[in-house]
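To start, the structure under review is shown below, and the notes come after it.
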Amino acid sequence: MNELRLKVSSLQKAYARPVLTDINLELTNDSYVTIVGKSGSGKSTLLNILGLVEDYDGGEYRFQGKKIRRGTDYSRLRLENIGFIFQSYNMIPTLSCKENILLPTLYGKRGSGRNLNDLVELLELGPLLSQRVTTLSGGEKQRVAIARALILDPCLILADEPTGNLDPKNRDIIIDLLRAEHEKGRAVLMITHDMEIAGNAKSVYLLETGRLKPVT
């Protein structure tokens, strides 16, 4: 696992209107952050920018010592450092669970990442590996998605409403898994509408009028 160095200063992003106007945030391996806010406030946009999949318009973004420049592809940097967990799972339905988990390894360095068997045991996925993901429950799909996010041993997990489609039991399982991964030295940044879930983090921010405001 790499050391995480992430810092954004006065970050801005606009579409037809300004969405992010003055975002300031710094993350290290010790960070466990949740961001709450109304729909349309820019939470997913911010997550995409931090995840190096969307450009920003102004301000400065530094990731792992690099100044992130607009219009530049940082796919390798993203692959080696960031694991994504989505509310909608974002898995390939024609592939088995095992194939979905291992998909990032097709693009990663040979021999890098975590042992598949260890993840299967951790997430209790053994009986599911050969199944198509279309046969799984929501909680099972999310555990497969977490395994996929962890397979390359990222230093940062970005989770966009990872429990939004889950019942309370599976919601608690996913939150416990994320907390356990953070305790291993992995940074977690999660978007949620659930203030109870947000309260599990070390730091909680409200994204409002394009700015992050600490929630006390």
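Numbering starts fresh at 1 for the residues of each chain in the structure tokens, the chains themselves are lettered A, B, ... in the order given, and ligands are numbered from 1 as they appear.
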
Do you know which residues are at most 10 Å from range 158-173 of chain A counting only C-alpha atoms, after dropping those on the same chain fewer than 2 positions away, and could you put them as a ChimeraX atom specification?
/A:33-36,43-44,47-48,50-51,82-89,123,137-140,142-143,145-146,149,156,175-179,187-194,197

Got time to write the residues from that selection, C-alpha atoms, as a PDB file, in the first residue's frame?
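Result went into again-v8.pdb, see below:
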ATOM      1  CA  VAL A  33     -13.997  11.307   5.753  1.00  0.00           C
ATOM      2  CA  THR A  34     -17.677  11.399   4.881  1.00  0.00           C
ATOM      3  CA  ILE A  35     -19.352  14.089   2.804  1.00  0.00           C
ATOM      4  CA  VAL A  36     -23.064  14.791   3.056  1.00  0.00           C
ATOM      5  CA  LYS A  43     -20.785  15.386  -4.143  1.00  0.00           C
ATOM      6  CA  SER A  44     -20.355  12.898  -6.979  1.00  0.00           C
ATOM      7  CA  LEU A  47     -15.561  12.355  -5.942  1.00  0.00           C
ATOM      8  CA  ASN A  48     -14.950  11.976  -9.680  1.00  0.00           C
ATOM      9  CA  LEU A  50     -10.580  13.343  -6.662  1.00  0.00           C
ATOM     10  CA  GLY A  51     -10.689   9.958  -8.394  1.00  0.00           C
ATOM     11  CA  ILE A  82      -7.528   4.414  -5.826  1.00  0.00           C
ATOM     12  CA  GLY A  83     -10.281   1.857  -5.317  1.00  0.00           C
ATOM     13  CA  PHE A  84     -13.853   2.837  -6.251  1.00  0.00           C
ATOM     14  CA  ILE A  85     -17.069   1.550  -4.658  1.00  0.00           C
ATOM     15  CA  PHE A  86     -20.353   2.640  -6.255  1.00  0.00           C
ATOM     16  CA  GLN A  87     -23.979   2.565  -5.171  1.00  0.00           C
ATOM     17  CA  SER A  88     -24.922   0.852  -8.448  1.00  0.00           C
ATOM     18  CA  TYR A  89     -22.003  -1.637  -8.183  1.00  0.00           C
ATOM     19  CA  LEU A 123     -15.582 -10.959   2.437  1.00  0.00           C
ATOM     20  CA  SER A 137     -28.402  -9.964  -3.902  1.00  0.00           C
ATOM     21  CA  GLY A 138     -27.542  -6.295  -3.368  1.00  0.00           C
ATOM     22  CA  GLY A 139     -25.393  -7.037  -0.341  1.00  0.00           C
ATOM     23  CA  GLU A 140     -23.508  -9.773  -2.191  1.00  0.00           C
ATOM     24  CA  GLN A 142     -21.497  -4.809  -2.925  1.00  0.00           C
ATOM     25  CA  ARG A 143     -19.115  -7.253  -1.245  1.00  0.00           C
ATOM     26  CA  ALA A 145     -17.483  -4.639  -5.593  1.00  0.00           C
ATOM     27  CA  ILE A 146     -15.437  -4.053  -2.443  1.00  0.00           C
ATOM     28  CA  ALA A 149     -11.842  -2.109  -5.183  1.00  0.00           C
ATOM     29  CA  LEU A 156      -7.516   5.452  -0.991  1.00  0.00           C
ATOM     30  CA  ILE A 175     -19.660  -0.031   6.980  1.00  0.00           C
ATOM     31  CA  ASP A 176     -17.825  -2.487   9.249  1.00  0.00           C
ATOM     32  CA  LEU A 177     -15.731  -3.642   6.281  1.00  0.00           C
ATOM     33  CA  LEU A 178     -14.805  -0.082   5.345  1.00  0.00           C
ATOM     34  CA  ARG A 179     -13.894   0.718   8.937  1.00  0.00           C
ATOM     35  CA  ALA A 187      -7.883   6.288   3.611  1.00  0.00           C
ATOM     36  CA  VAL A 188     -11.637   6.274   3.061  1.00  0.00           C
ATOM     37  CA  LEU A 189     -13.721   9.069   1.564  1.00  0.00           C
ATOM     38  CA  MET A 190     -17.414   8.286   1.404  1.00  0.00           C
ATOM     39  CA  ILE A 191     -20.467  10.136   0.139  1.00  0.00           C
ATOM     40  CA  THR A 192     -23.713   9.380   1.956  1.00  0.00           C
ATOM     41  CA  HIS A 193     -27.141  10.823   2.677  1.00  0.00           C
ATOM     42  CA  ASP A 194     -27.291   8.885   5.960  1.00  0.00           C
ATOM     43  CA  ILE A 197     -23.403   6.325   8.648  1.00  0.00           C
TER      44      ILE A 197
END

When DSSP works through the backbone of this structure, what residues of chain A end up as helix (DSSP H, G or I), shown as a ChimeraX atom specification?
/A:43-50,75-81,97-106,116-123,126-128,133-135,138-150,168-183,195-198

Looking only at the backbone, which of the residues in range 8-202 of chain A does DSSP tag as strand (DSSP E or B), as a PyMOL selection string?
chain A and resi 8-14+18-27+32-36+58-63+66-67+82-86+96+132+156-160+187-191

May I have the residues from that selection written out with C-alpha atoms, as a PDB file, in the first residue's frame?
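Listed below is the output, part27.pdb:
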ATOM      1  CA  VAL A   8      -6.972  20.262  -3.234  1.00  0.00           C
ATOM      2  CA  SER A   9      -6.933  24.031  -2.849  1.00  0.00           C
ATOM      3  CA  SER A  10      -9.652  26.445  -3.980  1.00  0.00           C
ATOM      4  CA  LEU A  11     -10.960  23.785  -6.383  1.00  0.00           C
ATOM      5  CA  GLN A  12     -13.692  24.895  -8.800  1.00  0.00           C
ATOM      6  CA  LYS A  13     -16.011  23.161 -11.224  1.00  0.00           C
ATOM      7  CA  ALA A  14     -18.961  24.442 -13.252  1.00  0.00           C
ATOM      8  CA  PRO A  18     -21.047  26.752 -10.671  1.00  0.00           C
ATOM      9  CA  VAL A  19     -21.094  23.456  -8.743  1.00  0.00           C
ATOM     10  CA  LEU A  20     -17.839  23.520  -6.764  1.00  0.00           C
ATOM     11  CA  THR A  21     -16.645  27.026  -5.962  1.00  0.00           C
ATOM     12  CA  ASP A  22     -13.964  26.764  -3.263  1.00  0.00           C
ATOM     13  CA  ILE A  23     -13.096  23.205  -2.216  1.00  0.00           C
ATOM     14  CA  ASN A  24     -10.190  22.714   0.172  1.00  0.00           C
ATOM     15  CA  LEU A  25      -9.350  19.224   1.390  1.00  0.00           C
ATOM     16  CA  GLU A  26      -6.314  17.215   2.406  1.00  0.00           C
ATOM     17  CA  LEU A  27      -6.215  13.423   2.788  1.00  0.00           C
ATOM     18  CA  TYR A  32     -11.690   8.641   7.168  1.00  0.00           C
ATOM     19  CA  VAL A  33     -13.997  11.307   5.753  1.00  0.00           C
ATOM     20  CA  THR A  34     -17.677  11.399   4.881  1.00  0.00           C
ATOM     21  CA  ILE A  35     -19.352  14.089   2.804  1.00  0.00           C
ATOM     22  CA  VAL A  36     -23.064  14.791   3.056  1.00  0.00           C
ATOM     23  CA  GLY A  58      -9.851  26.094 -11.387  1.00  0.00           C
ATOM     24  CA  GLY A  59      -7.779  25.900  -8.238  1.00  0.00           C
ATOM     25  CA  GLU A  60      -5.098  23.296  -7.646  1.00  0.00           C
ATOM     26  CA  TYR A  61      -5.059  19.516  -7.160  1.00  0.00           C
ATOM     27  CA  ARG A  62      -1.962  17.614  -6.064  1.00  0.00           C
ATOM     28  CA  PHE A  63      -1.990  13.820  -5.831  1.00  0.00           C
ATOM     29  CA  LYS A  66       2.029  15.380  -8.837  1.00  0.00           C
ATOM     30  CA  LYS A  67       0.174  18.503  -9.880  1.00  0.00           C
ATOM     31  CA  ILE A  82      -7.528   4.414  -5.826  1.00  0.00           C
ATOM     32  CA  GLY A  83     -10.281   1.857  -5.317  1.00  0.00           C
ATOM     33  CA  PHE A  84     -13.853   2.837  -6.251  1.00  0.00           C
ATOM     34  CA  ILE A  85     -17.069   1.550  -4.658  1.00  0.00           C
ATOM     35  CA  PHE A  86     -20.353   2.640  -6.255  1.00  0.00           C
ATOM     36  CA  SER A  96     -18.531 -14.140 -13.029  1.00  0.00           C
ATOM     37  CA  ARG A 132     -22.709 -14.384 -12.616  1.00  0.00           C
ATOM     38  CA  LEU A 156      -7.516   5.452  -0.991  1.00  0.00           C
ATOM     39  CA  ILE A 157     -11.066   4.131  -1.208  1.00  0.00           C
ATOM     40  CA  LEU A 158     -13.662   6.428  -2.780  1.00  0.00           C
ATOM     41  CA  ALA A 159     -17.196   5.240  -2.001  1.00  0.00           C
ATOM     42  CA  ASP A 160     -20.232   6.884  -3.617  1.00  0.00           C
ATOM     43  CA  ALA A 187      -7.883   6.288   3.611  1.00  0.00           C
ATOM     44  CA  VAL A 188     -11.637   6.274   3.061  1.00  0.00           C
ATOM     45  CA  LEU A 189     -13.721   9.069   1.564  1.00  0.00           C
ATOM     46  CA  MET A 190     -17.414   8.286   1.404  1.00  0.00           C
ATOM     47  CA  ILE A 191     -20.467  10.136   0.139  1.00  0.00           C
TER      48      ILE A 191
END

Among listed residues A:Asp55, A:Ile151, A:Ser31, A:Ala201, nearest Asp118 in chain A (using only C-alpha atoms):
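Of all the options, A:Ile151 lies closest to Asp118 in chain A.
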
Out of A:His182, A:Thr72, A:Met91, A:Ala147, which residue has the shortest atom-to-atom distance to Leu116 in chain A when counting only C-alpha atoms?
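Comparing A:His182, A:Thr72, A:Met91, A:Ala147 against Leu116 in chain A, the winner is A:Ala147.
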
One decimal, in Å: what's the spacing between CA of Ile101 in chain A and CA of Asn2 in chain A?
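Spanning CA of Ile101 in chain A to CA of Asn2 in chain A is a straight-line distance of 20.5 Å.
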